[in-house]
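J.: Could you have a look at this structure, given as structure tokens, before my questions?
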Amino acid sequence: MYTTDKLDCRHTYRAKKVVLATGYYDVPNMLNVPGEELPKVLHYYKEAHPYYNHDVAVIGAKNSAAIAALELWWTGARVTLIHRGAGISDRVKYWIKPNIENRIKNDEIRGFFHSRVTEITSDAIRLETPDGPKVLKNDFVFALIGYQPDLAFLNATGITLDPQTKRPFTDPDTLESTRSGVYLAGVIVAGMHTNEIFIENGRFHGELIARSIASKIST
């Protein structure tokens, strides 16, 4: 196998076994609206402080969006949360969900539900809401509407995927894939069903893989 570094230099590595634990944050889901290519549109949230005293829109209503909206608000941003559904997802952590819902209820964070962004400009965003079109002043957009694993990379390695769920075929006892010697660990094992694997059960993957590799190396 080989990698390419930031200077576009290729490095070759030799190994008898390979473990892929790439997660599912490689490819963000896109809004597919005009203006999404603007540099102010971000698909990953890291920290809140650079957005102090700015008008920030957070799109989404699951854990990533809820946490980002709260941290941005705590740090002094003027936050608007936008979601096409009816409310904050029931999958949001139990200590986060009531917090974000109370901030919206108290108008500390503006909430637009059953709404979607139709266009992003340099200083505003356009929404379609149940009350009709709206234009909001905006400095930054966090489009936190989910991610997908790098399926092209998995296919390139010769791993077979279920056509419907995009779940890689693996041996449940060893997590070895259909490509001999290549193992998968973490949420990538679940394909598009990312809610099936958490820290609580994914942490056992390493033990299964290590046991399998040890048995094959010793024989």
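Each chain in the structure tokens gets a letter, A, B, ..., in the order shown, and its residues are numbered from 1; ligands are numbered from 1 in order too.
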Please list as a PyMOL selection string every residue within 9 Å of region 36-47 of chain A, counting only C-alpha atoms and excluding residues in the same chain fewer than 5 positions away.
T.: chain A and resi 25+28-31+64-65+68+71-72+119-122+139-146
J.: Output N, CA and C atoms for every residue in that selection, as a short mmCIF file (atom, residue, chain, number, x, y, z; two decimals), in the first residue's frame.
T.:
```cif
data_model
loop_
_atom_site.label_atom_id
_atom_site.label_comp_id
_atom_site.auth_asym_id
_atom_site.auth_seq_id
_atom_site.Cartn_x
_atom_site.Cartn_y
_atom_site.Cartn_z
N TYR A 25 -16.78 10.13 8.71
CA TYR A 25 -16.79 11.58 8.55
C TYR A 25 -16.03 12.06 7.31
N PRO A 28 -18.85 14.72 3.65
CA PRO A 28 -20.04 15.37 4.20
C PRO A 28 -21.20 15.34 3.22
N ASN A 29 -22.41 15.19 3.75
CA ASN A 29 -23.61 15.35 2.92
C ASN A 29 -23.72 16.81 2.50
N MET A 30 -24.12 17.04 1.28
CA MET A 30 -24.17 18.40 0.75
C MET A 30 -25.60 18.93 0.74
N LEU A 31 -25.72 20.25 0.83
CA LEU A 31 -27.02 20.90 0.74
C LEU A 31 -27.51 20.98 -0.70
N SER A 64 -24.29 16.59 16.40
CA SER A 64 -23.27 17.55 15.96
C SER A 64 -23.85 18.96 15.87
N ALA A 65 -25.03 19.07 15.30
CA ALA A 65 -25.66 20.39 15.13
C ALA A 65 -26.06 20.99 16.48
N ALA A 68 -22.88 22.09 18.42
CA ALA A 68 -22.29 23.27 17.78
C ALA A 68 -23.13 24.52 18.09
N GLU A 71 -22.57 25.58 21.78
CA GLU A 71 -21.24 26.14 22.04
C GLU A 71 -21.07 27.50 21.38
N LEU A 72 -21.60 27.65 20.18
CA LEU A 72 -21.52 28.94 19.49
C LEU A 72 -22.29 30.00 20.27
N GLU A 119 -30.71 29.21 -0.64
CA GLU A 119 -29.58 29.91 -1.25
C GLU A 119 -28.71 30.52 -0.15
N ILE A 120 -27.42 30.57 -0.41
CA ILE A 120 -26.47 31.21 0.50
C ILE A 120 -25.74 32.29 -0.27
N THR A 121 -25.69 33.49 0.28
CA THR A 121 -24.96 34.58 -0.33
C THR A 121 -23.85 35.03 0.61
N SER A 122 -23.09 36.02 0.21
CA SER A 122 -21.94 36.45 1.02
C SER A 122 -22.35 37.02 2.37
N ASP A 139 -23.22 35.44 8.54
CA ASP A 139 -21.77 35.52 8.33
C ASP A 139 -21.16 34.15 8.05
N PHE A 140 -21.69 33.11 8.73
CA PHE A 140 -21.14 31.76 8.57
C PHE A 140 -22.27 30.74 8.62
N VAL A 141 -22.06 29.63 7.89
CA VAL A 141 -23.03 28.53 7.87
C VAL A 141 -22.30 27.25 8.23
N PHE A 142 -22.83 26.53 9.22
CA PHE A 142 -22.36 25.18 9.53
C PHE A 142 -23.41 24.20 9.04
N ALA A 143 -23.11 23.51 7.95
CA ALA A 143 -24.03 22.53 7.39
C ALA A 143 -23.71 21.16 7.98
N LEU A 144 -24.30 20.87 9.12
CA LEU A 144 -24.00 19.64 9.87
C LEU A 144 -25.13 18.64 9.68
N ILE A 145 -25.27 18.18 8.45
CA ILE A 145 -26.40 17.33 8.09
C ILE A 145 -25.99 15.88 7.85
N GLY A 146 -24.84 15.52 8.37
CA GLY A 146 -24.44 14.12 8.28
C GLY A 146 -23.27 13.90 7.34
#
```
J.: Find the residues around Gln148 (chain A) up to 9 Å (only C-alpha atoms counted), leave out those fewer than 4 positions away in its own chain, and share them as a PyMOL selection string.
T.: chain A and resi 23-29+191-192+194
J.: Take the residues that were just selected and, keeping N, CA and C atoms, output them as a compact mmCIF listing (two decimals), in the first residue's frame.
T.:
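Output saved as selection.txt:
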```txt
# COMPACT_ATOMS: atom_id res chain seq x y z
N GLY A 23 -13.83 5.51 10.13
CA GLY A 23 -15.03 6.20 10.55
C GLY A 23 -15.93 6.57 9.38
N TYR A 24 -16.83 7.54 9.59
CA TYR A 24 -17.75 7.91 8.52
C TYR A 24 -17.82 9.42 8.30
N TYR A 25 -16.78 10.13 8.71
CA TYR A 25 -16.79 11.58 8.55
C TYR A 25 -16.03 12.06 7.31
N ASP A 26 -15.64 11.14 6.45
CA ASP A 26 -14.81 11.53 5.30
C ASP A 26 -15.55 12.41 4.30
N VAL A 27 -16.81 12.09 4.04
CA VAL A 27 -17.54 12.76 2.95
C VAL A 27 -18.80 13.40 3.53
N PRO A 28 -18.85 14.72 3.65
CA PRO A 28 -20.04 15.37 4.20
C PRO A 28 -21.20 15.34 3.22
N ASN A 29 -22.41 15.19 3.75
CA ASN A 29 -23.61 15.35 2.92
C ASN A 29 -23.72 16.81 2.50
N GLY A 191 -21.56 0.43 7.67
CA GLY A 191 -21.98 1.07 6.43
C GLY A 191 -22.74 2.36 6.71
N MET A 192 -23.91 2.49 6.09
CA MET A 192 -24.72 3.69 6.28
C MET A 192 -25.52 3.67 7.56
N THR A 194 -25.01 4.09 10.67
CA THR A 194 -23.98 4.55 11.60
C THR A 194 -24.44 4.57 13.05
```
J.: Based on DSSP run over this structure's backbone, return all residues of region 99-203 of chain A in alpha helix (DSSP H), as a PyMOL selection string.
T.: chain A and resi 99-105+151-156+199-202
J.: Restricted to N, CA and C atoms, what would the selected residues look like written as a JSON list (two decimals), in the first residue's frame?
T.:
```json
[["chain", "number", "residue", "atom", "x", "y", "z"],
["A", 99, "ASN", "N", -31.43, 20.99, 26.72],
["A", 99, "ASN", "CA", -30.69, 22.25, 26.74],
["A", 99, "ASN", "C", -30.93, 23.04, 25.46],
["A", 100, "ILE", "N", -30.73, 22.40, 24.31],
["A", 100, "ILE", "CA", -30.93, 23.11, 23.05],
["A", 100, "ILE", "C", -32.40, 23.48, 22.86],
["A", 101, "GLU", "N", -33.30, 22.62, 23.28],
["A", 101, "GLU", "CA", -34.73, 22.93, 23.14],
["A", 101, "GLU", "C", -35.12, 24.13, 24.01],
["A", 102, "ASN", "N", -34.55, 24.24, 25.22],
["A", 102, "ASN", "CA", -34.85, 25.38, 26.08],
["A", 102, "ASN", "C", -34.27, 26.67, 25.53],
["A", 103, "ARG", "N", -33.09, 26.59, 24.90],
["A", 103, "ARG", "CA", -32.51, 27.80, 24.31],
["A", 103, "ARG", "C", -33.38, 28.31, 23.17],
["A", 104, "ILE", "N", -33.95, 27.37, 22.40],
["A", 104, "ILE", "CA", -34.83, 27.76, 21.30],
["A", 104, "ILE", "C", -36.15, 28.31, 21.85],
["A", 105, "LYS", "N", -36.68, 27.63, 22.86],
["A", 105, "LYS", "CA", -37.93, 28.07, 23.47],
["A", 105, "LYS", "C", -37.81, 29.48, 24.02],
["A", 151, "LEU", "N", -16.67, 5.50, 0.59],
["A", 151, "LEU", "CA", -16.99, 4.23, -0.07],
["A", 151, "LEU", "C", -16.10, 3.99, -1.28],
["A", 152, "ALA", "N", -15.69, 5.05, -1.95],
["A", 152, "ALA", "CA", -14.81, 4.89, -3.11],
["A", 152, "ALA", "C", -13.48, 4.28, -2.68],
["A", 153, "PHE", "N", -12.98, 4.71, -1.52],
["A", 153, "PHE", "CA", -11.73, 4.15, -1.01],
["A", 153, "PHE", "C", -11.90, 2.67, -0.67],
["A", 154, "LEU", "N", -13.00, 2.32, -0.02],
["A", 154, "LEU", "CA", -13.24, 0.92, 0.33],
["A", 154, "LEU", "C", -13.33, 0.06, -0.94],
["A", 155, "ASN", "N", -14.04, 0.55, -1.93],
["A", 155, "ASN", "CA", -14.15, -0.20, -3.18],
["A", 155, "ASN", "C", -12.79, -0.37, -3.85],
["A", 156, "ALA", "N", -11.98, 0.67, -3.75],
["A", 156, "ALA", "CA", -10.66, 0.62, -4.39],
["A", 156, "ALA", "C", -9.75, -0.42, -3.74],
["A", 199, "ILE", "N", -19.09, 3.89, 21.03],
["A", 199, "ILE", "CA", -17.89, 3.57, 21.80],
["A", 199, "ILE", "C", -18.12, 2.31, 22.63],
["A", 200, "GLU", "N", -19.36, 2.16, 23.13],
["A", 200, "GLU", "CA", -19.65, 1.05, 24.03],
["A", 200, "GLU", "C", -19.47, -0.31, 23.37],
["A", 201, "ASN", "N", -19.83, -0.46, 22.08],
["A", 201, "ASN", "CA", -19.66, -1.76, 21.43],
["A", 201, "ASN", "C", -18.50, -1.76, 20.42],
["A", 202, "GLY", "N", -18.18, -0.62, 19.87],
["A", 202, "GLY", "CA", -17.07, -0.57, 18.92],
["A", 202, "GLY", "C", -15.72, -0.83, 19.57]]
```
J.: Out of A:Arg78, A:Glu108, A:Ala66, A:Thr178, which residue has the shortest atom-to-atom distance to Tyr52 (chain A) when counting only C-alpha atoms?
T.: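 Among the listed residues, A:Arg78 lies closest to Tyr52 (chain A).
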J.: Ranking A:Ala190, A:Ala124, A:Tyr183, A:Met1 by minimum distance to Leu161 (chain A) and counting only C-alpha atoms, which one comes first?
T.: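 Nearest candidate to Leu161 (chain A) out of A:Ala190, A:Ala124, A:Tyr183, A:Met1: A:Ala190.
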J.: Excluding region 81-84 of chain A and residues on its chain fewer than 6 positions from it, collect all residues at most 10 Å away from it, counting only C-alpha atoms, and give them as a ChimeraX atom specification.
T.: /A:56-62,65-66,68-70,100,104,109-117,127-129,141-143,145
J.: Measuring atom to atom with only C-alpha atoms, identify which of A:Cys9, A:Ile88, A:Val19, A:Val33 is nearest to Gly206 (chain A).
T.: A:Val19
